[in-house]
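S.K.: Input protein_5.txt, format and content: compact mmCIF, C-alpha atoms.
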```
# COMPACT_ATOMS: atom_id res chain seq x y z
CA MET A 142 0.00 0.00 0.00
CA PRO A 143 1.57 3.28 -1.09
CA ALA A 144 0.34 5.18 1.98
CA ALA A 145 2.02 2.80 4.37
CA ILE A 146 5.44 3.38 2.91
CA SER A 147 7.66 5.77 4.72
CA ALA A 148 8.27 8.99 2.85
CA GLU A 149 11.48 9.53 4.82
CA GLU A 150 12.81 6.24 3.59
CA ASP A 151 12.13 7.29 0.02
CA LEU A 152 13.86 10.57 0.62
CA ALA A 153 16.92 8.83 2.02
CA VAL A 154 17.13 6.54 -1.01
CA VAL A 155 16.74 9.47 -3.38
CA GLU A 156 19.55 11.32 -1.59
CA ARG A 157 21.81 8.30 -2.06
CA VAL A 158 20.95 8.08 -5.75
CA LEU A 159 21.59 11.77 -6.24
CA ALA A 160 24.92 11.37 -4.48
CA GLY A 161 25.91 8.94 -7.23
CA ASP A 162 24.82 5.56 -5.88
CA VAL A 163 23.11 4.11 -8.97
CA GLN A 164 22.43 0.81 -7.23
CA ALA A 165 20.36 2.59 -4.57
CA PHE A 166 17.72 3.24 -7.22
CA GLU A 167 16.91 -0.46 -6.96
CA GLY A 168 15.29 0.34 -3.63
CA ILE A 169 12.90 2.71 -5.35
CA VAL A 170 12.09 0.23 -8.11
CA ARG A 171 11.62 -2.60 -5.62
CA ARG A 172 9.30 -0.53 -3.46
CA TRP A 173 7.20 1.04 -6.20
CA GLN A 174 7.15 -1.61 -8.93
CA GLY A 175 3.89 -3.09 -7.67
CA PRO A 176 1.92 0.16 -7.49
CA LEU A 177 3.28 1.42 -10.81
CA VAL A 178 2.62 -1.82 -12.71
CA ASN A 179 -0.90 -1.94 -11.26
CA MET A 180 -1.50 1.68 -12.13
CA ALA A 181 -0.30 1.06 -15.69
CA TRP A 182 -2.51 -2.04 -15.85
CA ARG A 183 -5.54 0.09 -15.07
CA TYR A 184 -4.60 2.38 -17.93
CA CYS A 185 -4.21 -0.35 -20.56
CA ARG A 186 -5.37 -3.74 -19.20
CA ASP A 187 -2.48 -5.45 -20.93
CA ARG A 188 0.01 -7.04 -18.59
CA GLY A 189 3.01 -6.90 -20.92
CA ARG A 190 2.36 -3.35 -21.87
CA ALA A 191 1.74 -2.35 -18.28
CA GLU A 192 5.23 -3.56 -17.36
CA GLU A 193 6.75 -1.72 -20.31
CA MET A 194 5.00 1.48 -19.36
CA ALA A 195 5.96 1.11 -15.71
CA GLN A 196 9.57 0.53 -16.71
CA GLU A 197 9.49 3.66 -18.84
CA ALA A 198 8.10 5.57 -15.88
CA PHE A 199 11.02 4.39 -13.71
CA ILE A 200 13.52 5.45 -16.38
CA ARG A 201 11.93 8.89 -16.57
CA ALA A 202 12.00 9.06 -12.79
CA TRP A 203 15.69 8.20 -12.86
CA ARG A 204 16.37 10.94 -15.40
CA GLY A 205 14.29 13.51 -13.61
CA LEU A 206 15.13 12.65 -10.01
CA ALA A 207 17.17 15.82 -9.55
CA GLY A 208 14.10 17.77 -10.63
CA TRP A 209 11.97 16.54 -7.73
CA ARG A 210 11.59 19.70 -5.67
CA ARG A 211 10.37 17.98 -2.49
CA GLU A 212 7.29 20.20 -2.37
CA SER A 213 5.30 16.99 -2.22
CA ILE A 214 6.24 13.52 -1.02
CA PHE A 215 8.15 11.27 -3.39
CA SER A 216 5.19 9.01 -4.18
CA THR A 217 3.05 11.97 -5.28
CA TRP A 218 5.79 13.10 -7.63
CA LEU A 219 6.34 9.55 -8.92
CA PHE A 220 2.63 8.92 -9.56
CA ALA A 221 2.22 12.24 -11.35
CA LEU A 222 5.25 11.49 -13.50
CA ALA A 223 3.97 7.96 -14.21
CA ALA A 224 0.54 9.29 -15.15
CA ASN A 225 2.19 11.62 -17.65
CA VAL A 226 4.21 8.75 -19.11
CA PHE A 227 1.17 6.47 -19.37
CA ARG A 228 -0.92 9.23 -20.89
CA SER A 229 1.62 9.98 -23.60
CA GLU A 230 2.27 6.28 -24.26
CA LEU A 231 -1.44 5.67 -24.74
CA GLN A 232 -1.71 8.72 -26.93
CA ARG A 233 0.85 7.15 -29.25
CA PHE A 234 -0.74 3.70 -29.17
CA PRO A 235 -4.25 3.71 -27.70
CA ALA A 236 -5.19 0.73 -25.58
CA VAL A 237 -8.67 0.33 -26.97
CA ASN A 238 -10.58 1.81 -29.86
CA VAL A 239 -13.97 0.38 -29.05
CA PRO A 240 -16.54 3.10 -28.36
CA LEU A 241 -18.37 2.87 -25.05
CA GLU A 242 -21.65 1.86 -26.64
CA GLU A 243 -19.88 -1.11 -28.23
CA ALA A 244 -18.19 -2.24 -25.04
CA ALA A 245 -18.92 -5.85 -24.21
CA GLU A 246 -22.35 -6.42 -22.74
CA PRO A 247 -22.24 -8.28 -19.46
CA ALA A 248 -23.78 -11.72 -19.65
CA GLY A 249 -27.13 -12.31 -18.01
CA PRO A 250 -27.18 -13.93 -14.59
CA ALA A 251 -26.49 -17.63 -14.88
CA THR A 252 -28.09 -19.73 -12.20
CA GLN A 253 -25.52 -22.52 -12.13
CA HIS A 254 -22.39 -20.41 -12.41
CA GLU A 255 -23.35 -17.23 -10.69
CA GLY A 256 -19.84 -16.53 -9.47
CA LEU A 257 -18.37 -16.84 -12.95
CA ALA A 258 -21.10 -14.72 -14.49
CA ARG A 259 -20.52 -12.12 -11.82
CA LYS A 260 -16.79 -12.07 -12.55
CA GLN A 261 -17.39 -11.73 -16.29
CA SER A 262 -19.84 -8.93 -15.68
CA ASP A 263 -17.35 -7.10 -13.45
CA ASP A 264 -14.58 -7.55 -16.03
CA ALA A 265 -16.85 -6.07 -18.68
CA VAL A 266 -17.39 -3.00 -16.52
CA ARG A 267 -13.65 -2.63 -15.85
CA ARG A 268 -12.82 -2.92 -19.52
CA ALA A 269 -15.52 -0.39 -20.38
CA VAL A 270 -13.60 2.20 -18.35
CA LEU A 271 -11.01 2.21 -21.14
CA ALA A 272 -13.74 3.03 -23.63
CA LEU A 273 -14.68 6.21 -21.78
CA PRO A 274 -13.73 9.51 -23.42
CA LYS A 275 -10.18 10.44 -22.45
CA ARG A 276 -11.05 13.30 -20.10
CA TYR A 277 -13.33 11.07 -18.01
CA ARG A 278 -11.29 7.89 -18.23
CA GLU A 279 -8.27 9.01 -16.26
CA PRO A 280 -10.17 10.38 -13.25
CA VAL A 281 -12.06 7.08 -13.01
CA VAL A 282 -8.86 5.05 -13.34
CA LEU A 283 -6.94 7.08 -10.76
CA TYR A 284 -9.79 7.52 -8.29
CA TYR A 285 -10.16 3.78 -7.90
CA PHE A 286 -6.42 3.16 -8.09
CA HIS A 287 -6.00 5.50 -5.13
CA GLU A 288 -8.70 3.60 -3.25
CA MET A 289 -11.34 6.24 -3.82
CA ASP A 290 -9.17 9.07 -2.53
CA LEU A 291 -10.19 12.04 -4.63
CA ALA A 292 -7.40 14.28 -3.35
CA ALA A 293 -4.74 11.73 -4.28
CA ALA A 294 -6.24 11.29 -7.75
CA ALA A 295 -6.27 15.07 -8.21
CA ARG A 296 -2.64 15.34 -7.12
CA THR A 297 -1.62 12.61 -9.56
CA MET A 298 -3.44 14.34 -12.38
CA GLU A 299 -2.14 17.73 -11.25
CA LEU A 300 -5.65 19.10 -11.52
CA PRO A 301 -7.94 20.82 -8.98
CA GLU A 302 -10.08 18.45 -6.95
CA GLY A 303 -13.25 20.07 -8.23
CA THR A 304 -12.31 19.37 -11.83
CA VAL A 305 -11.48 15.75 -11.09
CA LYS A 306 -14.69 15.35 -9.09
CA ALA A 307 -16.81 16.68 -11.96
CA ARG A 308 -15.07 14.50 -14.53
CA LEU A 309 -15.33 11.49 -12.29
CA ALA A 310 -19.05 12.03 -11.83
CA ARG A 311 -19.51 12.30 -15.58
CA GLY A 312 -17.41 9.19 -16.21
CA ARG A 313 -19.43 7.18 -13.74
CA GLU A 314 -22.64 8.48 -15.21
CA LEU A 315 -21.55 7.25 -18.64
CA LEU A 316 -20.72 3.85 -17.17
CA ARG A 317 -24.10 3.66 -15.44
CA LYS A 318 -25.84 4.49 -18.71
CA ARG A 319 -23.92 1.72 -20.42
CA PHE A 320 -24.50 -0.75 -17.59
CA PRO A 321 -27.88 0.13 -16.06
CA HIS A 322 -27.53 -2.62 -13.47
CA LEU A 323 -24.86 -0.47 -11.78
CA SER A 324 -27.26 2.33 -10.90
CA GLY A 325 -28.81 2.56 -7.43
CA GLU A 326 -32.06 0.63 -7.79
CA GLY A 327 -30.91 -1.67 -10.58
CA ALA A 328 -27.94 -2.74 -8.54
CA LEU A 329 -30.24 -4.73 -6.30
CA LEU A 330 -31.75 -6.74 -9.11
CA PRO A 331 -28.84 -8.82 -10.46
CA ALA A 332 -28.05 -9.60 -6.83
CA PRO A 333 -24.33 -9.04 -6.44
CA VAL A 334 -24.40 -11.22 -3.36
CA LEU A 335 -20.69 -11.83 -3.20
CA GLN A 336 -17.96 -9.27 -3.42
CA PRO A 337 -15.51 -10.11 -6.19
CA GLU A 338 -12.69 -12.11 -4.75
CA LYS A 339 -9.31 -10.51 -4.72
CA GLU A 340 -6.96 -12.52 -6.86
CA VAL A 341 -3.28 -12.30 -7.36
CA LEU A 342 -2.02 -12.96 -10.85
CA GLN A 343 1.28 -14.68 -10.93
CA MET B 215 -11.87 3.40 1.80
CA LYS B 216 -12.49 7.08 2.13
CA SER B 217 -16.19 7.16 1.41
CA ASN B 218 -16.52 10.70 2.75
CA LEU B 219 -14.70 11.87 -0.35
CA ASN B 220 -16.90 9.88 -2.65
CA PRO B 221 -18.28 12.34 -5.19
CA MET B 222 -21.47 10.32 -5.56
CA THR B 223 -23.98 10.70 -2.82
CA ASN B 224 -25.44 7.19 -2.80
CA HIS B 225 -23.69 3.90 -2.47
CA GLU B 226 -23.18 2.39 -5.86
CA ALA B 227 -22.50 -1.04 -7.26
CA ILE B 228 -19.73 0.42 -9.38
CA ASP B 229 -17.48 1.17 -6.40
CA PRO B 230 -16.62 -2.38 -5.30
CA ILE B 231 -16.23 -3.48 -8.91
CA LEU B 232 -13.68 -0.83 -9.81
CA ALA B 233 -12.00 -0.53 -6.44
CA ASP B 234 -11.48 -4.22 -5.70
CA GLU B 235 -9.32 -4.85 -8.71
CA GLU B 236 -7.17 -7.90 -9.16
CA GLU B 237 -3.68 -7.09 -8.02
CA LEU B 238 -0.86 -7.75 -10.45
CA ILE B 239 2.50 -8.83 -9.19
CA PRO B 240 5.31 -7.62 -11.45
CA SER B 241 7.08 -10.44 -13.23
CA SER B 242 10.25 -11.77 -11.65
CA GLY B 243 12.48 -10.16 -14.23
CA PHE B 244 10.94 -6.72 -13.99
CA LEU B 245 13.26 -5.35 -11.33
CA ALA B 246 16.39 -6.69 -13.02
CA ALA B 247 15.32 -5.44 -16.46
CA THR B 248 14.51 -1.99 -15.11
CA MET B 249 17.80 -1.73 -13.23
CA GLU B 250 19.64 -2.88 -16.34
CA ARG B 251 18.12 0.02 -18.24
CA VAL B 252 18.91 2.40 -15.41
CA ARG B 253 22.55 1.27 -15.41
CA GLU B 254 22.69 1.77 -19.19
CA GLU B 255 21.32 5.27 -18.71
CA ALA B 256 23.85 5.96 -15.98
CA ALA B 257 26.71 4.72 -18.15
CA CYS B 258 25.77 7.01 -21.03
CA PRO B 259 27.68 10.28 -21.04
CA GLU B 260 25.48 13.26 -20.39
CA PRO B 261 24.47 15.08 -23.56
CA ILE B 262 26.55 18.20 -24.15
CA PRO B 263 24.30 21.19 -23.74
CA PHE B 264 24.20 23.71 -26.55
CA PRO B 265 26.85 26.37 -25.84
CA TRP B 266 24.46 29.30 -25.71
CA LEU B 267 27.02 31.60 -24.11
CA ARG B 268 29.57 31.04 -26.85
CA ALA B 269 26.95 31.23 -29.56
CA LEU B 270 25.47 34.46 -28.23
CA PRO B 271 27.78 36.85 -30.16
CA GLY B 272 27.10 34.92 -33.36
CA ILE B 273 23.36 35.00 -32.75
CA VAL B 274 23.50 38.74 -32.10
CA VAL B 275 25.45 39.31 -35.33
CA VAL B 276 23.04 37.15 -37.35
CA VAL B 277 20.01 38.94 -35.90
CA ALA B 278 21.62 42.34 -36.55
CA VAL B 279 22.50 41.43 -40.15
CA LEU B 280 19.03 40.05 -40.79
CA GLY B 281 17.46 43.15 -39.27
CA TRP B 282 19.65 45.42 -41.31
CA CYS B 283 18.88 43.44 -44.48
CA GLY B 284 15.17 43.65 -43.77
CA PHE B 285 15.43 47.37 -43.19
CA GLU B 286 17.37 47.82 -46.43
CA LEU B 287 14.85 45.70 -48.29
CA VAL B 288 11.94 47.80 -47.11
CA ARG B 289 13.83 51.04 -47.83
CA ALA B 290 14.72 49.88 -51.33
CA GLY B 291 11.15 48.83 -51.95
CA MET B 292 9.79 52.20 -50.83
CA ALA B 293 12.36 54.09 -52.93
CA SER B 294 11.54 52.05 -56.00
CA SER B 295 7.82 52.59 -55.58
CA ARG B 296 8.43 56.37 -55.36
CA GLU B 297 10.52 56.26 -58.54
CA ILE B 298 8.06 54.13 -60.46
CA LEU B 299 4.96 56.19 -59.75
CA PRO B 300 5.81 59.38 -61.77
CA THR B 301 7.18 57.45 -64.74
CA GLN B 302 4.47 54.95 -65.46
CA SER B 303 5.48 54.84 -69.13
CA HIS B 304 8.88 53.35 -68.42
CA GLY B 305 7.17 50.76 -66.27
CA THR B 306 9.00 47.47 -66.29
CA ALA B 307 12.54 48.66 -66.98
CA ALA B 308 12.46 51.26 -64.23
CA MET B 309 10.99 48.81 -61.77
CA LEU B 310 13.62 46.19 -62.53
CA SER B 311 16.50 48.62 -62.08
CA ALA B 312 15.03 49.88 -58.85
CA LEU B 313 14.55 46.38 -57.48
CA GLN B 314 18.12 45.41 -58.31
CA PRO B 315 19.51 46.40 -54.88
CA ALA B 316 16.73 44.43 -53.25
CA GLY B 317 17.79 41.42 -55.27
CA TRP B 318 21.34 41.78 -54.00
CA VAL B 319 20.08 42.00 -50.46
CA ALA B 320 18.02 38.84 -50.94
CA ALA B 321 21.01 37.04 -52.45
CA ALA B 322 23.20 38.09 -49.52
CA LEU B 323 20.55 36.87 -47.12
CA ALA B 324 20.33 33.51 -48.85
CA ALA B 325 24.13 33.17 -48.85
CA SER B 326 24.39 33.90 -45.14
CA LEU B 327 21.55 31.51 -44.37
CA PHE B 328 23.23 28.80 -46.45
CA SER B 329 26.59 29.31 -44.73
CA TRP B 330 24.90 29.16 -41.33
CA LEU B 331 23.10 25.94 -42.18
CA LEU B 332 26.28 24.43 -43.61
CA SER B 333 28.34 25.28 -40.54
CA ARG B 334 25.61 23.89 -38.27
CA SER B 335 25.42 20.65 -40.19
CA LEU B 336 29.23 20.27 -40.18
CA ALA B 337 29.33 20.92 -36.45
CA GLY B 338 26.51 18.43 -35.95
CA ARG B 339 28.35 15.74 -37.91
CA SER B 340 31.47 16.23 -35.88
CA GLY B 341 29.46 15.75 -32.69
CA LEU B 342 29.87 19.28 -31.42
CA LEU B 343 26.13 19.96 -31.39
```
Would you write the structure of this file as structure tokens?

M.R.:
Amino acid sequence: MPAAISAEEDLAVVERVLAGDVQAFEGIVRRWQGPLVNMAWRYCRDRGRAEEMAQEAFIRAWRGLAGWRRESIFSTWLFALAANVFRSELQRFPAVNVPLEEAAEPAGPATQHEGLARKQSDDAVRRAVLALPKRYREPVVLYYFHEMDLAAAARTMELPEGTVKARLARGRELLRKRFPHLSGEGALLPAPVLQPEKEVLQ
Amino acid sequence: MKSNLNPMTNHEAIDPILADEEELIPSSGFLAATMERVREEAACPEPIPFPWLRALPGIVVVVAVLGWCGFELVRAGMASSREILPTQSHGTAAMLSALQPAGWVAAALAASLFSWLLSRSLAGRSGLL
């Protein structure tokens, strides 16, 4: 969890790197590889590409480490830098070209395999996030990546909270229109009895 | 989860779906590959910055020459238009002779631009830029 990681420890590692200890950068990569790969995954939903993008973000961080002005904690700077890298990478090669209205329809509830149907339905919703218009996609991606912390998402996007909040609301509204079962009353009907299980992909 | 910051007022089914995402674990070679690239970056010599301080006199001279040429061009153009107006009958010949200095100015401009581009490209090839 990014929040649990000591900012002072990051600062100490950065100082060592800036003093010429290249190997010390491994500490930064080791500590932040998980969050950055997962963040990239949410941007593209392609494991291989997510790792490439995360690696590129680390290289940019390495190059720009001296430019970190310590006005914010290291992780804020790193996430903002990574978001810029992911944004420009996806501008060059978009992750998905399917318009939102053509995003996969979730399957109807299956009585025998409710868990599987539920998982497929959830995956369809997650993939549909990538089909959102660009200005709404990133707030949705970052808001949930930062565990629904609007301020953190705004800092990563380097935008005012109000702007991110408005875009997030619009993005979610578009998703609800596409998947009516996600809206308040409808959510009760398909009976999402179980929370999706957290899985770890090896 | 910080639900107090949730921009939507009611609890929604979308939140658990998008928040409880499967967690990827970076592949075993990710750290090594990234550090390999970092070491490559560190081994590369830093790019030589453009010597703005040394180039400043040259830039000033070029700007001054270009400005002077532009001024001369405009002056020659205005002089030629004044000469042409009263002698409409001599038309083309008068205009051509009046524009001759402007032609020289344009040629000088082109020559200086060419020499500048040539010197830049030679310097670039030798790795100075």

S.K.: Calculate how many Å separate atom CA of B:Leu313 from atom CA of B:Leu332, rounding to one decimal.

M.R.: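 Result for atom CA of B:Leu313 versus atom CA of B:Leu332: 28.5 Å, one decimal.
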
S.K.: Quick one: pull the distance between atom CA of A:Ala310 and atom CA of A:His322, Å, one decimal.

M.R.: 17.0 Å

S.K.: Take atom CA of A:Val266 and atom CA of A:Leu316 and report the distance between them in Å, one decimal.

M.R.: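 Atom-to-atom, atom CA of A:Val266 to atom CA of A:Leu316, that is 7.6 Å.
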
S.K.: With distances taken over all atoms listed in the file, which of A:Glu149, A:Asp290, A:Glu212, A:Glu230 is nearest to chain B?

M.R.: A:Asp290

S.K.: As a PyMOL selection string, could you give me every residue of chain B near chain A (at most 6 Å apart, counting all atoms listed in the file)?

M.R.: chain B and resi 215+226-228+231+233+236-238+248

S.K.: Find the residues with any atom within 6 Å of (-11.9, 13.0, -14.7); use only C-alpha atoms and the coordinates as given in the file, and write the answer as a VMD selection string.

M.R.: chain A and resid 276 to 277 279 to 280 305 308 to 309

S.K.: Output C-alpha atoms for every residue in the selection just made, as a PDB file, in the coordinates of the input.

M.R.:
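Written output follows (result13.pdb):
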```
ATOM      1  CA  ARG A 276     -11.050  13.300 -20.100  1.00  0.00           C
ATOM      2  CA  TYR A 277     -13.330  11.070 -18.010  1.00  0.00           C
ATOM      3  CA  GLU A 279      -8.270   9.010 -16.260  1.00  0.00           C
ATOM      4  CA  PRO A 280     -10.170  10.380 -13.250  1.00  0.00           C
ATOM      5  CA  VAL A 305     -11.480  15.750 -11.090  1.00  0.00           C
ATOM      6  CA  ARG A 308     -15.070  14.500 -14.530  1.00  0.00           C
ATOM      7  CA  LEU A 309     -15.330  11.490 -12.290  1.00  0.00           C
TER       8      LEU A 309
END
```

S.K.: Any chance you could work out the axis-aligned box around stretch 278-286 of chain B, listed atoms only, 3 Å on each side, giving centre and edge lengths in Å to one decimal, as lines of an AutoDock Vina configuration file?

M.R.:
```
center_x = 18.8
center_y = 43.9
center_z = -41.5
size_x = 13.3
size_y = 13.8
size_z = 15.9
```

S.K.: In terms of the shortest atom-to-atom distance over only C-alpha atoms, which of A:Arg172, A:Arg233, A:Arg311, A:Arg190 is closest to A:Leu219?

M.R.: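 Ranked by minimum distance to A:Leu219, first place goes to A:Arg172.
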